[in-house]
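This report refers to the structure that appears directly beneath it.
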Amino acid sequence: MRLESFDTVILGAGAAGMMCAIHAAARGGRVLVVDHAKAPGEKIRISGGGRCNFTNIGTSAKNFISANPHFSKSALGRYKPHDFIALVEKHGIAWHEKTLGQLFCDTSAKQIVSMFLDEMKRVGCELRLRTTLESVEREVSGFTVTLGGDGAAKIRCRHFVVACGGKSIPKMGASGLGYQIAEKFALAVTETRPALVPLTFGEDLLVEFSEMAGVAANAIVSCGKTAFEEALLFTHRGLSGPAILQISSYWREKQPIRIAFLPGDDVLALLASAKRENGRRAIGTVLSDILPKRLAAYFSKIHGWTGPIGEASDRKLAAIAAALQTWEVFPIGSEGYRTAEVTLGGVYTDGLSSRTMEANAVDGLYFIGEVVDVTGWLGGYNFQWAWSSGWAAGTAISQRPA
């Protein structure tokens, strides 16, 4: 096996890894990026319905979950959404803003991948795909990295960056490798679990939900003191949609979630108005004016709301309004890492420098992106963390004396 030398080896050719590479090589450092996949940036390519929700202009530390809520502030504060937008525009990639500050490519997420490949080529980074990590060992002045697969080699490097993500979407090759490396070097790893993931329900509720698969509605979904107002979607397995994915990062087993349909509306006033205008209309028919028809039929059925609305007392109208805006259900689980967009938890931030992402106790070892215990909300936040943490590590590496 041939012996090679690089300044930096980066494990993972995803969002954080490629971002780190272009900055680590900015001052002429020799950088090698390796990945087991056959193509780089696969999560970038499939994200945002193929258009990549590449950042969120409202990004701040409050949009992230971590054992240390302050850890992300340094990187996010020094490499901001507008910095990434400038890079996107430099490459002529057209973009647009959707709701809630989410930015997407006009054409294709592949443009973001191509942008990184162009930048890596410009600064002289080497990329090896279909290449596996066999081992990484600490040496007096760096690391010895043994690679297998198409890029098999034994490599000596000063810096080793772990950017291989978490456990989400295993069909794309995701694993717990990054956590294993952390533990090998005595870094703690917090509990990991699927996040930004659809929630599943028991057979009793699934039978009730079966007629509503495909129905979407705006709602406020809450768990404990945390709430999100976005769309939810009924599926054959339970509930999905942006509001559910968001709350899934906060939900724990045996906890209920609470759903308020028609957020921002005075539902009681709407019902009272319908009663005054045409009291002969059936309650279910009135509800179908303000809710998706199948959802209105579901609530009418489970609560026994029958008869003309004109015969409903004020007390009954108040009960109907409350039922629609205080619906409580108990998920039994989630769809797991198979469909989770990210992994909650990861390398414990107490063991890392928030400024450089370097391990405090292991000189030259860095952890960036999803592998770290910093998990963003849905809506471009996790990509911004990848860009910011990758930039922080890459910049720190490039500024170290030779």
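FYI, nothing fancy with the structure tokens labels: chains A, B, ... in order, residues from 1 per chain, ligands from 1 as they appear.
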
**Message:** Need to verify the contact set: A:Gly304, 12 Å, only C-alpha atoms, exclusion of same-chain residues closer than 3 positions in sequence. Can you return it as a PyMOL selection string?
**Reply:** chain A and resi 283-284+296-301+307+316+320

Go ahead and save the picked residues with C-alpha atoms, as a CSV table (one decimal), in the first residue's frame.
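Result saved to result_35.csv:
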```
chain,number,residue,atom,x,y,z
A,283,ILE,CA,-72.5,21.0,11.4
A,284,GLY,CA,-70.3,18.8,9.3
A,296,ALA,CA,-64.2,17.8,8.9
A,297,ALA,CA,-65.9,14.5,8.4
A,298,TYR,CA,-63.4,12.8,10.7
A,299,PHE,CA,-64.0,15.2,13.6
A,300,SER,CA,-67.8,15.1,13.1
A,301,LYS,CA,-67.7,11.3,13.2
A,307,GLY,CA,-77.8,17.9,13.1
A,316,LYS,CA,-71.7,23.1,22.1
A,320,ILE,CA,-66.5,22.2,18.8
```

**Prompt:** If you run DSSP on the backbone, which residues of stretch 23-102 of chain A are strand (DSSP E), as a ChimeraX atom specification?
**Reply:** /A:31-34,53-56,64-65,95-97,102

Write the selection just made, keeping N, CA, C and O atoms, as a short mmCIF file (atom, residue, chain, number, x, y, z; two decimals), in the first residue's frame?
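Contents of out.cif, freshly written:
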```cif
data_model
loop_
_atom_site.label_atom_id
_atom_site.label_comp_id
_atom_site.auth_asym_id
_atom_site.auth_seq_id
_atom_site.Cartn_x
_atom_site.Cartn_y
_atom_site.Cartn_z
N VAL A 31 -5.00 19.16 0.58
CA VAL A 31 -6.22 18.65 1.22
C VAL A 31 -6.78 17.48 0.42
O VAL A 31 -6.93 17.57 -0.81
N LEU A 32 -7.10 16.40 1.12
CA LEU A 32 -7.73 15.23 0.52
C LEU A 32 -9.10 15.03 1.16
O LEU A 32 -9.22 14.99 2.38
N VAL A 33 -10.13 14.91 0.32
CA VAL A 33 -11.48 14.61 0.79
C VAL A 33 -11.83 13.20 0.33
O VAL A 33 -11.68 12.87 -0.86
N VAL A 34 -12.28 12.36 1.27
CA VAL A 34 -12.62 10.98 0.92
C VAL A 34 -14.06 10.69 1.31
O VAL A 34 -14.58 11.23 2.29
N ASN A 53 -32.70 23.55 -0.17
CA ASN A 53 -32.98 24.67 0.74
C ASN A 53 -31.67 24.99 1.45
O ASN A 53 -31.41 24.52 2.55
N PHE A 54 -30.82 25.80 0.78
CA PHE A 54 -29.41 25.88 1.16
C PHE A 54 -29.11 26.77 2.36
O PHE A 54 -28.02 26.70 2.92
N THR A 55 -30.03 27.60 2.79
CA THR A 55 -29.86 28.35 4.04
C THR A 55 -31.17 28.96 4.46
O THR A 55 -32.19 28.81 3.78
N ASN A 56 -31.15 29.64 5.58
CA ASN A 56 -32.31 30.39 6.05
C ASN A 56 -31.80 31.75 6.52
O ASN A 56 -30.90 31.82 7.36
N PHE A 64 -31.48 26.01 16.88
CA PHE A 64 -30.74 24.74 17.00
C PHE A 64 -30.94 24.12 18.38
O PHE A 64 -31.14 24.82 19.37
N ILE A 65 -30.85 22.80 18.40
CA ILE A 65 -30.96 22.03 19.64
C ILE A 65 -29.59 21.46 19.96
O ILE A 65 -28.93 20.87 19.09
N TRP A 95 -31.52 32.02 -7.24
CA TRP A 95 -32.19 31.49 -6.06
C TRP A 95 -33.42 32.33 -5.74
O TRP A 95 -33.60 33.43 -6.27
N HIS A 96 -34.26 31.80 -4.87
CA HIS A 96 -35.46 32.53 -4.45
C HIS A 96 -35.76 32.21 -3.00
O HIS A 96 -35.31 31.18 -2.46
N GLU A 97 -36.52 33.08 -2.38
CA GLU A 97 -36.94 32.88 -0.99
C GLU A 97 -38.36 32.37 -0.95
O GLU A 97 -39.25 32.91 -1.61
N GLN A 102 -36.68 30.72 4.01
CA GLN A 102 -36.00 29.59 3.38
C GLN A 102 -35.58 29.94 1.95
O GLN A 102 -36.39 30.41 1.16
#
```

**Message:** Neighbouring residues of A:Ala67 were defined as those with any atom within 10 Å, considering only C-alpha atoms; residues of the same chain fewer than 6 positions away were excluded. Please report them as number ranges by chain.
**Reply:** A: 190, 345-346, 348-350, 373-374

**Request:** Considering only C-alpha atoms, return as a ChimeraX atom specification whatever protein or nucleic-acid residues lie within 9 Å of A:Ser108, sequence-local ones (same chain, fewer than 6 positions apart) excluded.
**Result:** /A:45,50-52

Mind dumping the selected residues with C-alpha atoms as a PDB file, in the first residue's frame?
```pdb
ATOM      1  CA  ARG A  45     -28.605  16.757  -4.312  1.00  0.00           C
ATOM      2  CA  GLY A  50     -34.138  18.619  -5.668  1.00  0.00           C
ATOM      3  CA  ARG A  51     -33.690  22.385  -5.336  1.00  0.00           C
ATOM      4  CA  CYS A  52     -31.702  22.497  -2.077  1.00  0.00           C
TER       5      CYS A  52
END
```

**Item:** All helix (DSSP H, G or I) positions in stretch 136-235 of chain A, as a PyMOL selection string
**Value:** chain A and resi 170-172+177-184+203-212

Writer output for current selection, N, CA, C and O atoms, as an mmCIF file, in the first residue's frame:
```cif
data_model
loop_
_atom_site.group_PDB
_atom_site.id
_atom_site.type_symbol
_atom_site.label_atom_id
_atom_site.label_comp_id
_atom_site.auth_asym_id
_atom_site.auth_seq_id
_atom_site.Cartn_x
_atom_site.Cartn_y
_atom_site.Cartn_z
ATOM 1 N N PRO A 170 -29.946 5.868 6.102
ATOM 2 C CA PRO A 170 -28.917 4.823 5.951
ATOM 3 C C PRO A 170 -28.809 4.257 4.544
ATOM 4 O O PRO A 170 -27.755 3.739 4.169
ATOM 5 N N LYS A 171 -29.869 4.352 3.735
ATOM 6 C CA LYS A 171 -29.782 3.820 2.370
ATOM 7 C C LYS A 171 -28.750 4.598 1.549
ATOM 8 O O LYS A 171 -28.300 4.109 0.503
ATOM 9 N N MET A 172 -28.361 5.790 2.032
ATOM 10 C CA MET A 172 -27.320 6.549 1.356
ATOM 11 C C MET A 172 -25.955 6.297 1.983
ATOM 12 O O MET A 172 -24.984 6.983 1.683
ATOM 13 N N LEU A 177 -20.242 6.029 12.109
ATOM 14 C CA LEU A 177 -18.781 6.033 12.048
ATOM 15 C C LEU A 177 -18.174 7.245 12.754
ATOM 16 O O LEU A 177 -17.176 7.123 13.474
ATOM 17 N N GLY A 178 -18.761 8.414 12.546
ATOM 18 C CA GLY A 178 -18.218 9.618 13.172
ATOM 19 C C GLY A 178 -18.217 9.541 14.684
ATOM 20 O O GLY A 178 -17.273 10.000 15.347
ATOM 21 N N TYR A 179 -19.252 8.926 15.241
ATOM 22 C CA TYR A 179 -19.322 8.776 16.698
ATOM 23 C C TYR A 179 -18.279 7.767 17.189
ATOM 24 O O TYR A 179 -17.702 7.930 18.262
ATOM 25 N N GLN A 180 -18.051 6.725 16.401
ATOM 26 C CA GLN A 180 -17.037 5.730 16.764
ATOM 27 C C GLN A 180 -15.641 6.361 16.797
ATOM 28 O O GLN A 180 -14.833 6.064 17.685
ATOM 29 N N ILE A 181 -15.372 7.250 15.847
ATOM 30 C CA ILE A 181 -14.077 7.933 15.832
ATOM 31 C C ILE A 181 -13.943 8.827 17.059
ATOM 32 O O ILE A 181 -12.887 8.867 17.712
ATOM 33 N N ALA A 182 -15.030 9.541 17.394
ATOM 34 C CA ALA A 182 -15.001 10.399 18.581
ATOM 35 C C ALA A 182 -14.678 9.576 19.822
ATOM 36 O O ALA A 182 -13.822 9.947 20.640
ATOM 37 N N GLU A 183 -15.366 8.467 19.982
ATOM 38 C CA GLU A 183 -15.156 7.636 21.163
ATOM 39 C C GLU A 183 -13.756 7.023 21.183
ATOM 40 O O GLU A 183 -13.163 6.857 22.255
ATOM 41 N N LYS A 184 -13.211 6.712 20.013
ATOM 42 C CA LYS A 184 -11.845 6.178 19.934
ATOM 43 C C LYS A 184 -10.847 7.162 20.539
ATOM 44 O O LYS A 184 -9.874 6.767 21.181
ATOM 45 N N GLU A 203 -52.370 1.174 16.064
ATOM 46 C CA GLU A 203 -53.364 0.694 15.106
ATOM 47 C C GLU A 203 -54.722 1.366 15.286
ATOM 48 O O GLU A 203 -55.439 1.594 14.315
ATOM 49 N N ASP A 204 -55.099 1.690 16.536
ATOM 50 C CA ASP A 204 -56.414 2.293 16.755
ATOM 51 C C ASP A 204 -56.545 3.625 16.027
ATOM 52 O O ASP A 204 -57.527 3.887 15.334
ATOM 53 N N LEU A 205 -55.521 4.462 16.158
ATOM 54 C CA LEU A 205 -55.567 5.745 15.471
ATOM 55 C C LEU A 205 -55.349 5.592 13.970
ATOM 56 O O LEU A 205 -55.948 6.329 13.176
ATOM 57 N N LEU A 206 -54.496 4.651 13.563
ATOM 58 C CA LEU A 206 -54.245 4.470 12.139
ATOM 59 C C LEU A 206 -55.514 4.073 11.396
ATOM 60 O O LEU A 206 -55.729 4.474 10.249
ATOM 61 N N VAL A 207 -56.362 3.290 12.050
ATOM 62 C CA VAL A 207 -57.643 2.929 11.447
ATOM 63 C C VAL A 207 -58.469 4.186 11.220
ATOM 64 O O VAL A 207 -59.074 4.382 10.154
ATOM 65 N N GLU A 208 -58.466 5.079 12.211
ATOM 66 C CA GLU A 208 -59.209 6.330 12.077
ATOM 67 C C GLU A 208 -58.586 7.243 11.026
ATOM 68 O O GLU A 208 -59.282 7.947 10.298
ATOM 69 N N PHE A 209 -57.241 7.237 10.975
ATOM 70 C CA PHE A 209 -56.535 8.111 10.040
ATOM 71 C C PHE A 209 -56.625 7.620 8.589
ATOM 72 O O PHE A 209 -56.359 8.388 7.670
ATOM 73 N N SER A 210 -56.958 6.342 8.391
ATOM 74 C CA SER A 210 -56.828 5.740 7.065
ATOM 75 C C SER A 210 -57.579 6.502 5.990
ATOM 76 O O SER A 210 -57.133 6.591 4.839
ATOM 77 N N GLU A 211 -58.717 7.051 6.345
ATOM 78 C CA GLU A 211 -59.517 7.776 5.358
ATOM 79 C C GLU A 211 -58.959 9.166 5.072
ATOM 80 O O GLU A 211 -59.448 9.852 4.170
ATOM 81 N N MET A 212 -57.950 9.588 5.850
ATOM 82 C CA MET A 212 -57.432 10.938 5.672
ATOM 83 C C MET A 212 -56.036 10.978 5.072
ATOM 84 O O MET A 212 -55.443 12.059 4.970
#
```

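Using only C-alpha atoms, the shortest contact distance between A:Ala186 and any of A:Ala227, A:Ala361, A:Ala402, A:Ala392 is found at A:Ala361.
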
Long-range neighbours of A:Ala153 as a compact mmCIF listing (two decimals) with all heavy atoms, in the first residue's frame, 8 Å cut-off, only C-alpha atoms, 6 positions minimum in chain:
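What ended up in out-v1.txt:
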```txt
# COMPACT_ATOMS: atom_id res chain seq x y z
N MET A 1 0.85 -1.20 0.00
CA MET A 1 0.00 0.00 0.00
C MET A 1 0.88 1.25 0.00
O MET A 1 1.80 1.37 0.81
CB MET A 1 -0.91 0.00 1.24
CG MET A 1 -1.89 1.17 1.27
SD MET A 1 -3.06 1.07 2.67
CE MET A 1 -4.12 -0.27 2.15
N ARG A 2 0.59 2.18 -0.92
CA ARG A 2 1.43 3.35 -1.06
C ARG A 2 1.26 4.30 0.13
O ARG A 2 0.19 4.40 0.71
CB ARG A 2 1.12 4.09 -2.36
CG ARG A 2 -0.27 4.74 -2.43
CD ARG A 2 -0.47 5.38 -3.81
NE ARG A 2 -1.72 6.12 -3.89
CZ ARG A 2 -2.88 5.60 -4.22
NH1 ARG A 2 -2.97 4.30 -4.46
NH2 ARG A 2 -3.97 6.35 -4.28
N LEU A 3 2.34 5.01 0.46
CA LEU A 3 2.34 5.97 1.55
C LEU A 3 2.31 7.38 0.95
O LEU A 3 3.14 7.73 0.11
CB LEU A 3 3.58 5.80 2.43
CG LEU A 3 3.69 6.75 3.62
CD1 LEU A 3 2.54 6.54 4.59
CD2 LEU A 3 5.03 6.55 4.33
N GLU A 4 1.35 8.18 1.39
CA GLU A 4 1.19 9.54 0.88
C GLU A 4 1.18 10.53 2.03
O GLU A 4 1.01 10.15 3.20
CB GLU A 4 -0.10 9.66 0.07
CG GLU A 4 -0.19 8.72 -1.11
CD GLU A 4 -1.52 8.87 -1.82
OE1 GLU A 4 -1.79 9.95 -2.37
OE2 GLU A 4 -2.30 7.89 -1.81
N THR A 146 -5.51 5.06 7.23
CA THR A 146 -5.50 3.95 6.27
C THR A 146 -6.83 3.91 5.54
O THR A 146 -7.89 3.84 6.17
CB THR A 146 -5.25 2.61 6.98
OG1 THR A 146 -4.03 2.69 7.72
CG2 THR A 146 -5.16 1.48 5.96
N LEU A 147 -6.76 3.97 4.21
CA LEU A 147 -7.96 4.00 3.37
C LEU A 147 -8.07 2.73 2.56
O LEU A 147 -7.06 2.15 2.15
CB LEU A 147 -7.90 5.20 2.42
CG LEU A 147 -7.76 6.58 3.05
CD1 LEU A 147 -7.61 7.65 1.97
CD2 LEU A 147 -8.96 6.90 3.95
```

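Computed from the coordinates, the atom CA of A:Ile244 to atom CA of A:Val267 distance equals 22.2 Å.
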
**Asked** Contacts of A:Arg315 at 12 Å or less, counting only C-alpha atoms, minus same-chain residues fewer than 5 places along, as a ChimeraX atom specification?
**Response** /A:268,271-272,320-322

Write out the residues from the selection above, keeping N, CA and C atoms, as an mmCIF file, in the first residue's frame.
```
data_model
loop_
_atom_site.group_PDB
_atom_site.id
_atom_site.type_symbol
_atom_site.label_atom_id
_atom_site.label_comp_id
_atom_site.auth_asym_id
_atom_site.auth_seq_id
_atom_site.Cartn_x
_atom_site.Cartn_y
_atom_site.Cartn_z
ATOM 1 N N LEU A 268 -64.734 29.865 17.159
ATOM 2 C CA LEU A 268 -66.055 30.026 17.763
ATOM 3 C C LEU A 268 -66.847 31.112 17.036
ATOM 4 N N LEU A 271 -68.132 29.758 13.735
ATOM 5 C CA LEU A 271 -69.283 28.874 13.919
ATOM 6 C C LEU A 271 -70.543 29.666 14.260
ATOM 7 N N ALA A 272 -70.383 30.653 15.111
ATOM 8 C CA ALA A 272 -71.530 31.482 15.498
ATOM 9 C C ALA A 272 -72.074 32.237 14.293
ATOM 10 N N ILE A 320 -66.979 22.516 20.181
ATOM 11 C CA ILE A 320 -66.480 22.179 18.846
ATOM 12 C C ILE A 320 -65.208 22.970 18.550
ATOM 13 N N ALA A 321 -65.251 24.263 18.844
ATOM 14 C CA ALA A 321 -64.085 25.113 18.600
ATOM 15 C C ALA A 321 -62.887 24.627 19.403
ATOM 16 N N ALA A 322 -63.136 24.272 20.669
ATOM 17 C CA ALA A 322 -62.044 23.799 21.524
ATOM 18 C C ALA A 322 -61.474 22.484 21.009
#
```

**Message:** Which residues are near stretch 87-91 of chain A? Cut-off 10 Å, only C-alpha atoms, ignore same chain within fewer than 2 positions. Put them as a list in words.
**Reply:** Phe54, His82, Asp83, Phe84, Ile85, Ile93, Ala94, Trp95, Cys105, Gln111, Ile112, Ser114, Met115, Phe116, Asp118 and Glu119 of chain A

Selection export as a PDB file, in the first residue's frame, atoms kept: C-alpha atoms:
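Final output, saved to part-v9.pdb:
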```pdb
ATOM      1  CA  PHE A  54     -29.413  25.885   1.158  1.00  0.00           C
ATOM      2  CA  HIS A  82     -25.325  36.223   3.422  1.00  0.00           C
ATOM      3  CA  ASP A  83     -21.756  34.913   3.164  1.00  0.00           C
ATOM      4  CA  PHE A  84     -23.039  31.728   1.574  1.00  0.00           C
ATOM      5  CA  ILE A  85     -25.428  33.663  -0.652  1.00  0.00           C
ATOM      6  CA  ILE A  93     -26.777  30.301  -9.301  1.00  0.00           C
ATOM      7  CA  ALA A  94     -30.240  31.862  -9.284  1.00  0.00           C
ATOM      8  CA  TRP A  95     -32.193  31.488  -6.064  1.00  0.00           C
ATOM      9  CA  CYS A 105     -32.069  27.225  -5.968  1.00  0.00           C
ATOM     10  CA  GLN A 111     -25.730  23.454  -9.007  1.00  0.00           C
ATOM     11  CA  ILE A 112     -24.621  23.657  -5.372  1.00  0.00           C
ATOM     12  CA  SER A 114     -21.050  21.635  -8.904  1.00  0.00           C
ATOM     13  CA  MET A 115     -20.195  24.905  -7.169  1.00  0.00           C
ATOM     14  CA  PHE A 116     -18.266  23.054  -4.484  1.00  0.00           C
ATOM     15  CA  ASP A 118     -15.424  23.895  -8.936  1.00  0.00           C
ATOM     16  CA  GLU A 119     -14.191  25.598  -5.772  1.00  0.00           C
TER      17      GLU A 119
END
```

**Request:** Give the answer as one residue: which of A:Phe383, A:Trp391, A:Phe6, A:Trp377 has the shortest atom-to-atom distance to A:Ser47, using only C-alpha atoms?
**Result:** A:Phe383

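Considering the residues A:Ala396, A:Met19, A:Ala13, A:Ile309 and counting only C-alpha atoms, A:Ala39 has its shortest atom-to-atom contact with A:Ala13.
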
**Item:** Given only C-alpha atoms as the counted atoms, nearest of A:Gly101, A:Gly390, A:Gly124, A:Gly77 to A:Arg30
**Value:** A:Gly124

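Each of A:Ile257, A:Ile169, A:Ala163, A:Val145 was checked against A:Lys225 using only C-alpha atoms; the smallest atom-to-atom distance is that of A:Ile257.
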
**Fill in**
The distance between atom CA of A:Ser354 and atom CA of A:Arg400 is 16.5 Å

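Atom CA of A:Gly148 to atom CA of A:Thr132 spans 4.9 Å [interatomic distance, one decimal].
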